[in-house]
$ cat target20.txt   # compact mmCIF, C-alpha atoms
# COMPACT_ATOMS: atom_id res chain seq x y z
CA MET T 14 30.43 -3.84 49.68
CA ALA T 15 27.86 -6.60 50.08
CA LYS T 16 28.92 -9.77 51.85
CA PRO T 17 29.61 -12.68 49.53
CA LEU T 18 27.70 -15.92 49.63
CA VAL T 19 30.24 -18.60 50.58
CA PHE T 20 29.83 -22.29 49.84
CA GLU T 21 31.93 -25.18 51.06
CA PHE T 22 32.56 -27.52 48.16
CA ARG T 23 34.83 -30.57 48.18
CA GLY T 24 37.01 -29.29 51.01
CA GLY T 25 37.39 -25.76 49.61
CA GLN T 26 35.38 -22.58 49.78
CA VAL T 27 33.81 -20.78 46.85
CA SER T 28 32.46 -17.25 47.24
CA PHE T 29 29.96 -15.47 45.03
CA GLY T 30 28.52 -12.02 44.69
CA ILE T 31 24.81 -11.92 43.99
CA GLN T 32 22.75 -9.82 41.61
CA LYS T 33 18.97 -9.93 41.72
CA VAL T 34 17.26 -10.87 38.49
CA ASP T 35 13.62 -10.07 37.85
CA ARG T 36 11.26 -9.45 34.95
CA THR T 37 12.08 -5.75 34.95
CA LYS T 38 15.72 -6.43 34.13
CA LEU T 39 14.97 -9.03 31.48
CA TYR T 40 11.92 -7.71 29.70
CA GLY T 41 11.31 -4.15 30.94
CA TYR T 42 8.21 -3.08 32.84
CA VAL T 43 4.90 -1.28 32.60
CA ASP T 44 4.07 1.92 34.46
CA THR T 45 0.45 2.91 34.81
CA GLU T 46 -0.39 6.60 34.57
CA VAL T 47 -3.79 7.59 35.93
CA VAL T 48 -5.28 10.99 35.05
CA ASP T 49 -8.60 12.64 35.85
CA GLU T 50 -10.91 14.32 33.34
CA GLY T 51 -8.74 17.45 33.45
CA GLY T 52 -5.60 15.43 32.61
CA ARG T 53 -4.19 15.83 36.12
CA ALA T 54 -2.23 12.95 37.65
CA CYS T 55 -4.03 10.86 40.26
CA GLU T 56 -2.82 8.42 42.86
CA LEU T 57 -4.39 5.63 44.84
CA GLY T 58 -5.76 6.24 48.29
CA THR T 59 -7.82 4.36 50.85
CA LEU T 60 -11.34 5.53 51.61
CA LEU T 61 -12.30 4.84 55.21
CA GLY T 62 -15.55 3.31 56.38
CA ASP T 63 -16.96 6.77 57.24
CA GLY T 64 -17.26 7.40 53.50
CA HIS T 65 -15.30 10.67 53.31
CA SER T 66 -11.88 10.37 54.98
CA VAL T 67 -9.07 9.37 52.65
CA VAL T 68 -5.71 7.89 53.64
CA GLY T 69 -2.68 8.34 51.41
CA LYS T 70 0.55 6.42 51.02
CA GLY T 71 2.16 5.75 54.41
CA GLY T 72 -0.97 6.69 56.31
CA THR T 73 -1.54 3.25 57.76
CA GLY T 74 0.44 0.97 60.04
CA LEU T 75 0.43 -2.56 61.37
CA ALA T 76 -0.25 -3.35 65.01
CA TYR T 77 0.00 -6.57 67.00
CA LEU T 78 -2.83 -7.24 69.41
CA SER T 79 -3.47 -9.80 72.13
CA PRO T 80 -6.76 -11.80 71.98
CA ASP T 81 -8.35 -9.21 74.31
CA GLY T 82 -7.31 -6.36 72.02
CA LEU T 83 -4.31 -5.05 73.97
CA TRP T 84 -1.30 -3.58 72.16
CA ARG T 85 1.69 -5.90 71.88
CA LYS T 86 5.21 -4.94 70.79
CA LYS T 87 6.70 -7.24 68.17
CA ALA T 88 9.88 -7.52 70.27
CA ASP T 89 7.84 -8.99 73.15
CA LEU T 90 6.33 -11.72 71.00
CA ARG T 91 7.84 -15.16 70.49
CA PRO T 92 7.61 -17.23 67.31
CA VAL T 93 6.14 -20.72 67.62
CA ASP T 94 5.03 -23.34 65.15
CA ARG T 95 1.48 -24.62 64.72
CA ASP T 96 1.91 -26.99 67.68
CA GLY T 97 3.17 -24.21 69.93
CA LYS T 98 6.81 -25.29 69.89
CA PRO T 99 9.36 -22.43 69.82
CA ILE T 100 10.97 -21.77 66.45
CA PRO T 101 14.70 -21.09 66.69
CA THR T 102 15.97 -18.06 64.83
CA ALA T 103 18.53 -18.59 62.09
CA LYS T 104 21.53 -16.48 61.16
CA SER T 105 21.71 -14.82 57.78
CA THR T 106 23.05 -17.20 55.14
CA PHE T 107 25.65 -14.54 54.35
CA ASP T 108 27.06 -14.89 57.89
CA THR T 109 27.80 -18.59 57.50
CA VAL T 110 29.60 -20.93 55.13
CA VAL T 111 27.02 -23.08 53.38
CA PRO T 112 28.10 -26.71 52.95
CA LEU T 113 27.03 -28.10 49.58
CA THR T 114 26.05 -31.56 50.75
CA ASP T 115 22.34 -31.84 49.98
CA GLN T 116 21.66 -32.62 46.34
CA ALA T 117 18.09 -32.12 45.14
CA THR T 118 16.35 -33.91 42.32
CA ILE T 119 14.57 -32.01 39.55
CA GLU T 120 11.27 -33.12 41.14
CA ASP T 121 12.35 -31.66 44.50
CA TYR T 122 13.15 -28.38 42.79
CA LEU T 123 9.90 -28.42 40.83
CA SER T 124 7.95 -28.93 44.06
CA HIS T 125 8.83 -25.39 45.17
CA ASN T 126 7.46 -22.01 44.14
CA VAL T 127 10.50 -19.90 43.27
CA TYR T 128 10.05 -16.24 44.13
CA LEU T 129 13.59 -14.81 44.08
CA ILE T 130 16.37 -15.27 41.55
CA TYR T 131 19.96 -14.18 41.99
CA LEU T 132 22.66 -14.35 39.36
CA LEU T 133 25.90 -15.48 40.99
CA THR T 134 29.18 -13.90 40.00
CA HIS T 135 32.51 -15.27 41.18
CA GLU T 136 35.57 -13.20 41.92
CA GLN T 137 38.65 -14.79 43.39
CA PRO T 138 39.26 -13.03 46.74
CA GLU T 139 42.67 -11.40 46.91
CA GLY T 140 45.30 -13.07 49.07
CA MET T 141 43.27 -16.25 49.53
CA ALA T 142 43.85 -19.81 48.40
CA PRO T 143 42.51 -20.67 44.91
CA GLN T 144 38.86 -21.68 45.02
CA PRO T 145 37.49 -24.79 43.24
CA ILE T 146 35.19 -22.69 41.07
CA GLU T 147 35.76 -24.51 37.76
CA GLU T 148 35.02 -27.83 39.40
CA LEU T 149 31.79 -26.50 40.91
CA VAL T 150 30.65 -24.84 37.67
CA GLU T 151 31.24 -28.02 35.71
CA HIS T 152 29.40 -30.06 38.33
CA LEU T 153 26.38 -27.74 38.21
CA ARG T 154 26.33 -27.58 34.42
CA GLU T 155 26.05 -31.37 34.39
CA GLY T 156 22.67 -30.91 36.04
CA THR T 157 23.41 -31.08 39.75
CA ILE T 158 21.17 -28.99 41.99
CA TYR T 159 22.18 -28.20 45.56
CA ARG T 160 19.65 -27.31 48.23
CA PHE T 161 20.19 -25.46 51.52
CA PRO T 162 18.21 -23.33 54.00
CA PHE T 163 18.34 -19.69 52.93
CA THR T 164 17.53 -16.54 54.85
CA TYR T 165 18.72 -13.16 53.62
CA ARG T 166 18.68 -11.22 56.88
CA GLY T 167 18.22 -14.04 59.37
CA GLY T 168 15.20 -14.57 61.60
CA VAL T 169 12.53 -17.20 61.87
CA SER T 170 11.52 -17.51 58.28
CA THR T 171 13.89 -19.74 56.37
CA THR T 172 13.24 -20.49 52.77
CA VAL T 173 14.96 -22.97 50.51
CA GLY T 174 17.87 -21.92 48.34
CA PHE T 175 18.72 -23.91 45.21
CA LEU T 176 22.11 -23.55 43.58
CA LEU T 177 21.99 -24.53 39.91
CA ALA T 178 23.29 -23.68 36.47
CA GLY T 179 20.84 -21.96 34.16
CA GLY T 180 20.22 -22.89 30.56
CA ASP T 181 22.63 -20.11 29.53
CA GLY T 182 25.43 -21.64 31.63
CA ASN T 183 25.40 -18.98 34.34
CA LEU T 184 25.04 -19.96 37.98
CA PHE T 185 21.91 -18.95 39.84
CA LEU T 186 20.55 -19.02 43.34
CA CYS T 187 16.80 -19.65 43.17
CA VAL T 188 14.94 -19.06 46.43
CA GLY T 189 11.65 -20.87 46.86
CA VAL T 190 9.06 -22.07 49.30
CA PRO T 191 7.85 -25.67 49.48
CA THR T 192 4.33 -26.41 48.33
CA VAL T 193 1.78 -28.84 49.70
CA ILE T 194 1.42 -31.11 46.73
CA GLU T 195 0.10 -34.59 47.37
CA TYR T 196 -0.68 -37.72 45.44
CA VAL T 197 -4.40 -38.27 45.00
CA GLY T 198 -6.24 -41.51 44.45
CA LEU T 199 -9.77 -42.52 43.70
CA LYS T 200 -11.57 -42.21 46.99
CA ALA T 201 -14.38 -44.64 47.65
CA THR T 202 -17.76 -43.04 47.37
CA ALA T 203 -19.91 -43.03 50.48
CA ALA T 204 -21.92 -46.22 50.81
CA VAL T 205 -25.67 -45.82 50.62
CA VAL T 206 -27.04 -46.69 54.04
CA VAL T 207 -30.38 -48.46 53.86
CA ASP T 208 -32.78 -48.06 56.73
CA PRO T 209 -33.29 -51.64 58.07
CA GLY T 210 -36.85 -50.79 59.03
CA ASP T 211 -37.71 -50.00 55.43
CA GLU T 212 -35.87 -53.09 54.20
CA SER T 213 -37.96 -55.49 56.27
CA ALA T 214 -41.20 -53.88 55.18
CA GLU T 215 -40.26 -53.88 51.51
CA ASP T 216 -41.96 -56.49 49.42
CA GLU T 217 -39.50 -58.48 47.29
CA SER T 218 -42.04 -58.98 44.53
CA LEU T 219 -42.45 -56.35 41.85
CA ASP T 220 -45.59 -54.32 42.41
CA PHE T 221 -47.05 -53.42 39.03
CA SER T 222 -50.03 -51.68 40.57
CA MET T 223 -47.71 -48.67 41.25
CA VAL T 224 -46.77 -48.33 37.57
CA MET G 12 -10.56 -23.55 43.26
CA PRO G 13 -10.90 -22.79 39.51
CA GLU G 14 -12.53 -25.25 37.19
CA VAL G 15 -10.52 -26.00 34.06
CA SER G 16 -11.27 -27.97 30.98
CA LEU G 17 -8.31 -30.06 29.85
CA CYS G 18 -7.72 -32.17 26.74
CA ASN G 19 -5.72 -35.38 26.64
CA SER G 20 -3.50 -36.63 23.83
CA LYS G 21 -6.55 -38.20 22.12
CA GLY G 22 -8.28 -34.83 21.96
CA ARG G 23 -10.92 -35.76 24.59
CA ASP G 24 -11.67 -32.97 27.05
CA ALA G 25 -12.89 -33.13 30.63
CA GLN G 26 -13.70 -30.62 33.32
CA VAL G 27 -11.42 -30.91 36.33
CA MET G 28 -10.34 -28.74 39.25
CA ALA G 29 -7.10 -26.85 39.78
CA GLU G 30 -6.19 -26.46 43.44
CA SER G 31 -3.74 -24.11 45.07
CA VAL G 32 -0.71 -25.82 46.62
CA ARG G 33 0.62 -22.79 48.48
CA SER G 34 1.83 -23.84 51.93
CA PRO G 35 0.06 -22.22 54.89
CA VAL G 36 1.92 -19.85 57.22
CA LEU G 37 3.84 -21.95 59.74
CA VAL G 38 4.87 -19.22 62.19
CA ARG G 39 2.59 -17.94 64.94
CA TRP G 40 3.54 -15.12 67.31
CA ILE G 41 2.58 -15.51 70.97
CA ASP G 42 2.76 -13.09 73.90
CA GLY G 43 4.18 -13.63 77.40
CA GLN G 44 1.02 -15.52 78.41
CA ASP G 45 1.29 -17.91 75.44
CA ARG G 46 -1.66 -16.28 73.71
CA GLN G 47 -1.54 -15.81 69.98
CA ALA G 48 -1.20 -12.22 68.84
CA THR G 49 -3.00 -11.07 65.75
CA SER G 50 -2.08 -8.27 63.41
CA ALA G 51 -4.39 -5.39 62.57
CA ARG G 52 -4.14 -2.42 60.22
CA ILE G 53 -4.46 0.87 62.00
CA LEU G 54 -4.79 4.46 60.85
CA LYS G 55 -1.83 6.79 61.29
CA SER G 56 -3.22 9.82 59.53
CA THR G 57 -5.69 10.83 56.87
CA LEU G 58 -4.82 13.15 53.98
CA ASP G 59 -6.06 16.09 56.10
CA TYR G 60 -3.29 15.53 58.64
CA ASP G 61 -0.32 14.30 56.59
CA TYR G 62 2.85 16.24 55.74
CA ASP G 63 1.47 17.91 52.60
CA ALA G 64 -1.64 19.07 54.49
CA LEU G 65 0.49 20.50 57.32
CA LEU G 66 2.77 22.21 54.80
CA GLN G 67 -0.21 23.81 53.12
CA ARG G 68 -1.52 24.92 56.52
CA VAL G 69 1.64 26.50 57.95
CA GLY G 70 3.54 27.51 54.81
CA SER G 71 7.09 26.11 54.98
CA PRO G 72 8.94 22.93 56.08
CA GLN G 73 10.57 24.90 58.91
CA ASP G 74 7.17 25.91 60.21
CA VAL G 75 5.99 22.30 59.97
CA ALA G 76 8.94 21.31 62.17
CA LYS G 77 8.10 24.07 64.67
CA ALA G 78 4.46 23.02 64.75
CA LEU G 79 5.44 19.39 65.39
CA ILE G 80 7.67 20.46 68.30
CA ALA G 81 5.02 22.74 69.74
CA GLY G 82 2.12 20.30 69.55
CA ASP G 83 0.59 17.35 67.76
CA PRO G 84 -0.83 18.85 64.58
CA GLU G 85 -0.42 15.53 62.73
CA ILE G 86 -2.80 13.74 65.10
CA ASP G 87 -6.55 13.68 64.80
CA PRO G 88 -7.74 12.43 68.21
CA GLU G 89 -10.94 11.13 66.63
CA THR G 90 -9.33 8.84 64.08
CA THR G 91 -5.60 8.30 64.69
CA GLY G 92 -4.98 4.75 65.91
CA SER G 93 -8.39 3.48 64.87
CA PHE G 94 -8.70 0.10 63.17
CA LEU G 95 -9.14 0.10 59.43
CA ARG G 96 -12.28 -1.76 58.46
CA ASP G 97 -14.62 -1.60 55.47
CA THR G 98 -12.16 0.38 53.39
CA SER G 99 -12.20 0.91 49.63
CA ARG G 100 -9.53 1.90 47.13
CA VAL G 101 -10.09 5.26 45.44
CA PHE G 102 -8.15 7.62 43.20
CA VAL G 103 -7.36 11.13 44.45
CA ASN G 104 -6.13 14.00 42.29
CA CYS G 105 -3.47 16.59 43.05
CA ASP G 106 -6.12 18.65 44.92
CA ARG G 107 -6.47 15.62 47.18
CA LYS G 108 -10.09 15.12 46.18
CA ILE G 109 -11.64 11.79 45.26
CA VAL G 110 -11.92 11.34 41.50
CA TYR G 111 -14.82 9.37 40.05
CA GLY G 112 -13.77 9.18 36.39
CA VAL G 113 -10.18 8.35 35.45
CA THR G 114 -8.23 7.33 32.37
CA GLN G 115 -5.52 4.74 32.87
CA ILE G 116 -2.60 4.62 30.46
CA GLU G 117 0.08 1.96 30.45
CA ILE G 118 3.60 3.09 29.63
CA VAL G 119 5.66 0.15 28.41
CA ARG G 120 9.34 0.63 29.25
CA ASN G 121 12.53 -1.14 28.22
CA PRO G 122 14.80 -2.67 30.90
CA ASP G 123 16.83 0.59 30.91
CA GLY G 124 13.67 2.60 31.72
CA SER G 125 13.28 4.20 28.29
CA GLU G 126 9.73 4.45 26.99
CA LYS G 127 8.72 1.90 24.37
CA THR G 128 5.04 2.58 23.84
CA ARG G 129 1.86 3.90 25.44
CA ARG G 130 -1.53 2.22 25.37
CA PRO G 131 -4.84 2.41 27.22
CA ARG G 132 -4.92 0.04 30.16
CA LYS G 133 -6.99 -3.01 29.47
CA ALA G 134 -7.66 -5.75 32.02
CA GLN G 135 -6.91 -9.19 30.65
CA MET G 136 -9.86 -11.54 30.34
CA PRO G 137 -9.39 -15.07 31.70
CA ASN G 138 -8.86 -17.73 29.04
CA VAL G 139 -9.03 -20.73 31.34
CA ASN G 140 -12.50 -21.93 32.22
CA ALA G 141 -14.87 -24.79 31.67
CA ASP G 142 -16.01 -23.49 28.27
CA GLN G 143 -12.55 -23.11 26.74
CA PRO G 144 -10.72 -26.46 26.82
CA LEU G 145 -6.94 -26.32 27.01
CA LEU G 146 -5.88 -28.30 23.97
CA TRP G 147 -3.12 -30.91 24.05
CA SER G 148 -0.22 -29.02 22.50
CA GLY G 149 1.87 -32.15 21.99
CA LYS G 150 4.99 -30.15 22.87
CA LEU G 151 6.81 -32.36 25.36
CA LEU G 152 9.87 -30.80 26.92
CA PRO G 153 12.25 -33.18 28.73
CA LYS G 154 12.54 -32.22 32.40
CA ARG G 155 16.34 -32.15 32.27
CA GLU G 156 16.23 -29.56 29.50
CA VAL G 157 13.50 -27.33 30.89
CA TYR G 158 14.02 -27.09 34.66
CA ASN G 159 16.82 -24.53 34.27
CA LYS G 160 15.36 -22.54 31.39
CA PHE G 161 12.25 -21.20 33.10
CA VAL G 162 11.48 -20.11 36.64
CA PHE G 163 8.38 -21.80 38.01
CA VAL G 164 6.92 -19.14 40.25
CA GLN G 165 3.57 -20.75 41.00
CA LYS G 166 1.83 -24.03 40.58
CA LEU G 167 -1.62 -25.56 40.71
CA GLN G 168 -2.48 -29.19 41.30
CA VAL G 169 -4.99 -30.59 38.84
CA VAL G 170 -7.38 -33.03 40.51
CA HIS G 171 -10.34 -35.13 39.45
CA ILE G 172 -13.94 -34.52 40.38
CA ASN G 173 -15.32 -38.02 39.80
CA GLY G 174 -14.32 -41.53 38.81
CA LEU G 175 -14.24 -40.80 35.10
CA THR G 176 -11.95 -37.80 35.46
CA TYR G 177 -9.74 -39.80 37.85
CA ASP G 178 -9.00 -42.24 35.03
CA PHE G 179 -8.58 -39.34 32.60
CA LEU G 180 -6.03 -37.49 34.76
CA PHE G 181 -4.22 -40.62 35.94
CA ASP G 182 -3.58 -41.56 32.29
CA ILE G 183 -2.21 -38.08 31.51
CA ALA G 184 0.05 -38.20 34.59
CA ARG G 185 1.37 -41.64 33.69
CA GLN G 186 1.95 -40.63 30.07
CA LEU G 187 3.98 -37.57 31.10
CA GLU G 188 5.91 -39.54 33.72
CA GLU G 189 6.85 -42.20 31.19
CA LYS G 190 8.18 -39.52 28.86
CA ASN G 191 9.95 -37.79 31.81
CA SER G 192 8.76 -34.55 30.26
CA LEU G 193 6.63 -31.50 30.90
CA LEU G 194 3.82 -30.71 28.49
CA LEU G 195 3.65 -27.12 27.30
CA VAL G 196 0.10 -25.95 28.02
CA GLY G 197 -1.37 -22.94 26.28
CA ALA G 198 -4.74 -21.38 25.63
CA GLY G 199 -6.37 -20.68 22.28
CA PRO G 200 -6.94 -22.76 19.15
CA LYS G 201 -3.21 -23.50 18.74
CA ALA G 202 -2.53 -23.94 22.48
CA ALA G 203 0.08 -21.20 22.16
CA GLN G 204 -1.28 -18.33 24.26
CA PRO G 205 -0.22 -17.79 27.87
CA LEU G 206 -2.80 -18.68 30.50
CA ILE G 207 -4.80 -15.94 32.23
CA LEU G 208 -6.41 -17.60 35.21
CA ARG G 209 -8.55 -14.74 36.53
CA TYR G 210 -9.87 -11.38 35.35
CA GLY G 211 -7.00 -8.89 35.24
CA ALA G 212 -4.44 -11.48 36.35
CA LEU G 213 -0.91 -11.80 34.99
CA PRO G 214 -0.45 -14.11 32.02
CA TYR G 215 1.71 -17.18 32.61
CA ARG G 216 3.32 -19.82 30.46
CA ALA G 217 2.22 -23.21 31.81
CA PHE G 218 3.84 -26.63 31.93
CA LEU G 219 2.08 -29.81 33.01
CA GLU G 220 4.03 -32.39 35.00
CA GLY G 221 2.75 -35.86 35.87
CA ARG G 222 3.83 -38.20 38.65
CA THR G 223 2.29 -41.48 39.75
CA ARG G 224 2.61 -43.77 42.78
CA GLY G 225 0.65 -46.99 42.61
CA THR G 226 -2.94 -46.01 41.95
CA GLU G 227 -2.34 -42.40 42.96
CA TYR G 228 -1.23 -39.55 40.75
CA CYS G 229 0.01 -35.99 41.03
CA LEU G 230 -0.59 -33.65 38.11
CA LEU G 231 1.05 -30.26 38.51
CA LEU G 232 0.52 -27.19 36.37
CA HIS G 233 3.72 -25.14 36.75
CA LEU G 234 3.33 -21.45 35.95
CA SER G 235 6.19 -19.28 34.74
CA ASN G 236 6.53 -15.67 33.65
CA ILE G 237 10.32 -15.41 33.56
CA GLU G 238 13.23 -17.29 32.02
CA LEU G 239 16.23 -18.33 34.07
CA LYS G 240 18.91 -16.31 32.34
CA ALA G 241 21.22 -13.40 32.97
CA PRO G 242 20.07 -9.91 31.96
CA ALA G 243 21.49 -8.78 28.62
CA ALA G 244 23.13 -5.61 29.90
CA PRO G 245 25.24 -5.50 33.06
CA THR G 246 23.31 -3.93 35.89
CA ALA G 247 24.35 -2.16 39.04
CA ALA G 248 25.85 -3.93 42.04
CA ALA G 249 23.95 -6.63 43.82
CA GLU G 250 20.69 -5.44 45.26
CA GLY G 251 20.30 -5.24 48.99
CA ASN G 252 23.01 -5.36 51.55
CA ALA G 253 23.92 -8.63 53.10
CA SER G 254 25.53 -7.04 56.09

$ encode --input "target20.txt" --output "structure tokens"
Amino acid sequence: MAKPLVFEFRGGQVSFGIQKVDRTKLYGYVDTEVVDEGGRACELGTLLGDGHSVVGKGGTGLAYLSPDGLWRKKADLRPVDRDGKPIPTAKSTFDTVVPLTDQATIEDYLSHNVYLIYLLTHEQPEGMAPQPIEELVEHLREGTIYRFPFTYRGGVSTTVGFLLAGGDGNLFLCVGVPTVIEYVGLKATAAVVVDPGDESAEDESLDFSMV
Amino acid sequence: MPEVSLCNSKGRDAQVMAESVRSPVLVRWIDGQDRQATSARILKSTLDYDYDALLQRVGSPQDVAKALIAGDPEIDPETTGSFLRDTSRVFVNCDRKIVYGVTQIEIVRNPDGSEKTRRPRKAQMPNVNADQPLLWSGKLLPKREVYNKFVFVQKLQVVHINGLTYDFLFDIARQLEEKNSLLLVGAGPKAAQPLILRYGALPYRAFLEGRTRGTEYCLLLHLSNIELKAPAAPTAAAEGNAS
């Protein structure tokens, strides 16, 4: 059984099971069938630079290389940020209790690209103290959005999880990444620089002989 | 950076730019000497050396296993491990030959996998460009009512290209901010069609949000192709395993 997602809310703990929601489950999906002139099924392949060798599914791999082209194992590499500072690894969100302390505004939420949606389902764990689920549901349905770092399996890449109530009243976990939106203003146009040499030589009077 | 033509509430249109706001990758991987490692795609095997080719060559899965123990029949010393550069995508048929003429058929399926309809595949033409202004739909949706009805999977920031379009976009941003609403943006004469930003791209419903700060503005085009709601039929247990 999958581990539940556990939140700490107003001194109690609330646990949820998750169920991924995507377009396929809501609207169905489209398969593409490709056939040749004889009606036989075809599949995609990769034609190599030599013009005749073809690679099928699973025929390629990913390698890590040092700047001088030497093979590097992923396990021997360390993650750092753009300034070279080490990035600490995070535990899976399912291995921790997530405190619901950081409320996000609608604008905060809208500033992220959401790429994963999970429907949350609550089941009262057997033999445990009652969980404040009704209180939390009511709070979220009033429009509260909670934000927390989210990582499914743990590692260096943490994304942002948003806990909110959907328009249909169900609770959802929306996982997103922040975007780089910025306010823009009217930038001053570059000033025209006049060559002082030309300026001194220029006659102030209007020369009609050039017309 | 695509160029879009946008109308304001007065029906005036202007050409502006829509910029990507996707955040760059923030993680770099370095080796023991603090040098940044790069990733590269390499070749494992071509169709001539994969499992199906070996099976055809030796006859049975058991013989493939024996051949793998006895030697390296899956490795072509000339190509295995080489870097993949200048590659192209091609279709191959069941004889593993490149096919130059194909027919593509789309099979539309219901959420339960049952077939709904079949149709020839047709790439969608873009309907957002400088020649086709996006009309002001007038449909303002309060933020509090819309943020949890749709999932905003992508966004573009609409920016000006000169002083005139700065005024134009700033006014739109301020108008939307004052209403605390998102404007439903659509293509076509009734501003009702989903936006197709590039040739063959997915169609998206679009919502315009405006924010201002002093003399600066932020105009965001939120793109959505899914509603935030539970599937109609109960599905199997949660996907993935958290353990």

$ residues_near_point --input "target20.txt" --point "(-6.1, -44.3, 46.5)" --cutoff "7 Å" --atoms "only C-alpha atoms" --output "NGL selection string"
(:T and (197-200)) or (:G and (226-227))

$ residues_around --input "target20.txt" --residues "Pro200 of chain G" --least-positions-apart "5" --cutoff "10 Å" --atoms "all atoms listed in the file" --output "PyMOL selection string"
chain G and resi 143-146+148

$ closest_residue --input "target20.txt" --among "G:Met28, G:Val157, G:Leu54, G:Val38" --to "Gly62 of chain T" --atoms "all atoms listed in the file"
G:Leu54

$ residues_near_point --input "target20.txt" --point "(6.3, -8.0, 26.5)" --cutoff "12 Å" --atoms "all atoms listed in the file" --output "list in words"
Arg36, Thr37, Leu39, Tyr40, Gly41, Tyr42 and Val43 of chain T; Ile118, Val119, Arg120, Asn121, Pro122, Lys127, Thr128, Pro205, Leu213, Pro214, Tyr215, Asn236 and Ile237 of chain G

$ write_last_selection --input "target20.txt" --atoms "C-alpha atoms" --output "PDB file, in the coordinates of the input"
ATOM      1  CA  ARG T  36      11.260  -9.450  34.950  1.00  0.00           C
ATOM      2  CA  THR T  37      12.080  -5.750  34.950  1.00  0.00           C
ATOM      3  CA  LEU T  39      14.970  -9.030  31.480  1.00  0.00           C
ATOM      4  CA  TYR T  40      11.920  -7.710  29.700  1.00  0.00           C
ATOM      5  CA  GLY T  41      11.310  -4.150  30.940  1.00  0.00           C
ATOM      6  CA  TYR T  42       8.210  -3.080  32.840  1.00  0.00           C
ATOM      7  CA  VAL T  43       4.900  -1.280  32.600  1.00  0.00           C
TER       8      VAL T  43
ATOM      9  CA  ILE G 118       3.600   3.090  29.630  1.00  0.00           C
ATOM     10  CA  VAL G 119       5.660   0.150  28.410  1.00  0.00           C
ATOM     11  CA  ARG G 120       9.340   0.630  29.250  1.00  0.00           C
ATOM     12  CA  ASN G 121      12.530  -1.140  28.220  1.00  0.00           C
ATOM     13  CA  PRO G 122      14.800  -2.670  30.900  1.00  0.00           C
ATOM     14  CA  LYS G 127       8.720   1.900  24.370  1.00  0.00           C
ATOM     15  CA  THR G 128       5.040   2.580  23.840  1.00  0.00           C
ATOM     16  CA  PRO G 205      -0.220 -17.790  27.870  1.00  0.00           C
ATOM     17  CA  LEU G 213      -0.910 -11.800  34.990  1.00  0.00           C
ATOM     18  CA  PRO G 214      -0.450 -14.110  32.020  1.00  0.00           C
ATOM     19  CA  TYR G 215       1.710 -17.180  32.610  1.00  0.00           C
ATOM     20  CA  ASN G 236       6.530 -15.670  33.650  1.00  0.00           C
ATOM     21  CA  ILE G 237      10.320 -15.410  33.560  1.00  0.00           C
TER      22      ILE G 237
END

$ residues_around --input "target20.txt" --residues "segment 178-183 of chain G" --least-positions-apart "6" --cutoff "8 Å" --atoms "only C-alpha atoms" --output "PDB file with C-alpha atoms, in the coordinates of the input"
ATOM      1  CA  ASN G  19      -5.720 -35.380  26.640  1.00  0.00           C
ATOM      2  CA  SER G  20      -3.500 -36.630  23.830  1.00  0.00           C
ATOM      3  CA  ALA G  25     -12.890 -33.130  30.630  1.00  0.00           C
ATOM      4  CA  VAL G 170      -7.380 -33.030  40.510  1.00  0.00           C
ATOM      5  CA  HIS G 171     -10.340 -35.130  39.450  1.00  0.00           C
ATOM      6  CA  GLY G 221       2.750 -35.860  35.870  1.00  0.00           C
ATOM      7  CA  THR G 223       2.290 -41.480  39.750  1.00  0.00           C
ATOM      8  CA  GLU G 227      -2.340 -42.400  42.960  1.00  0.00           C
ATOM      9  CA  TYR G 228      -1.230 -39.550  40.750  1.00  0.00           C
ATOM     10  CA  LEU G 230      -0.590 -33.650  38.110  1.00  0.00           C
TER      11      LEU G 230
END

$ residues_around --input "target20.txt" --residues "segment 70-83 of chain G" --least-positions-apart "5" --cutoff "12 Å" --atoms "only C-alpha atoms" --output "list in words"
Ser56, Tyr60, Asp61, Tyr62, Asp63, Ala64, Leu65, Pro88 and Thr91 of chain G

$ residues_around --input "target20.txt" --residues "His152 of chain T" --least-positions-apart "6" --cutoff "10 Å" --atoms "all atoms listed in the file" --output "PyMOL selection string"
chain T and resi 146+158+177-178

$ atom_distance --input "target20.txt" --atom1 "atom CA of Ile172 of chain G" --atom2 "atom CA of Ala203 of chain G"
26.6 Å

$ residues_around --input "target20.txt" --residues "segment 75-90 of chain T" --least-positions-apart "6" --cutoff "8 Å" --atoms "all atoms listed in the file" --output "compact mmCIF listing (two decimals) with C-alpha atoms, in the frame of the given file"
# COMPACT_ATOMS: atom_id res chain seq x y z
CA TRP G 40 3.54 -15.12 67.31
CA ILE G 41 2.58 -15.51 70.97
CA ASP G 42 2.76 -13.09 73.90
CA GLY G 43 4.18 -13.63 77.40
CA ARG G 46 -1.66 -16.28 73.71
CA GLN G 47 -1.54 -15.81 69.98
CA ALA G 48 -1.20 -12.22 68.84
CA THR G 49 -3.00 -11.07 65.75
CA SER G 50 -2.08 -8.27 63.41
CA ALA G 51 -4.39 -5.39 62.57
CA ARG G 52 -4.14 -2.42 60.22
CA ILE G 53 -4.46 0.87 62.00

$ axis_aligned_box --input "target20.txt" --around "segment 99-115 of chain T" --padding-each-side "6 Å" --output "lines of an AutoDock Vina configuration file"
center_x = 19.5
center_y = -23.2
center_z = 59.7
size_x = 32.2
size_y = 29.3
size_z = 32.2

$ atom_distance --input "target20.txt" --atom1 "atom CA of Pro84 of chain G" --atom2 "atom CA of Leu61 of chain T"
20.4 Å

$ closest_residue --input "target20.txt" --among "T:Ala142, T:Val27, T:Ala103, T:Leu184" --to "chain G" --atoms "only C-alpha atoms"
T:Leu184
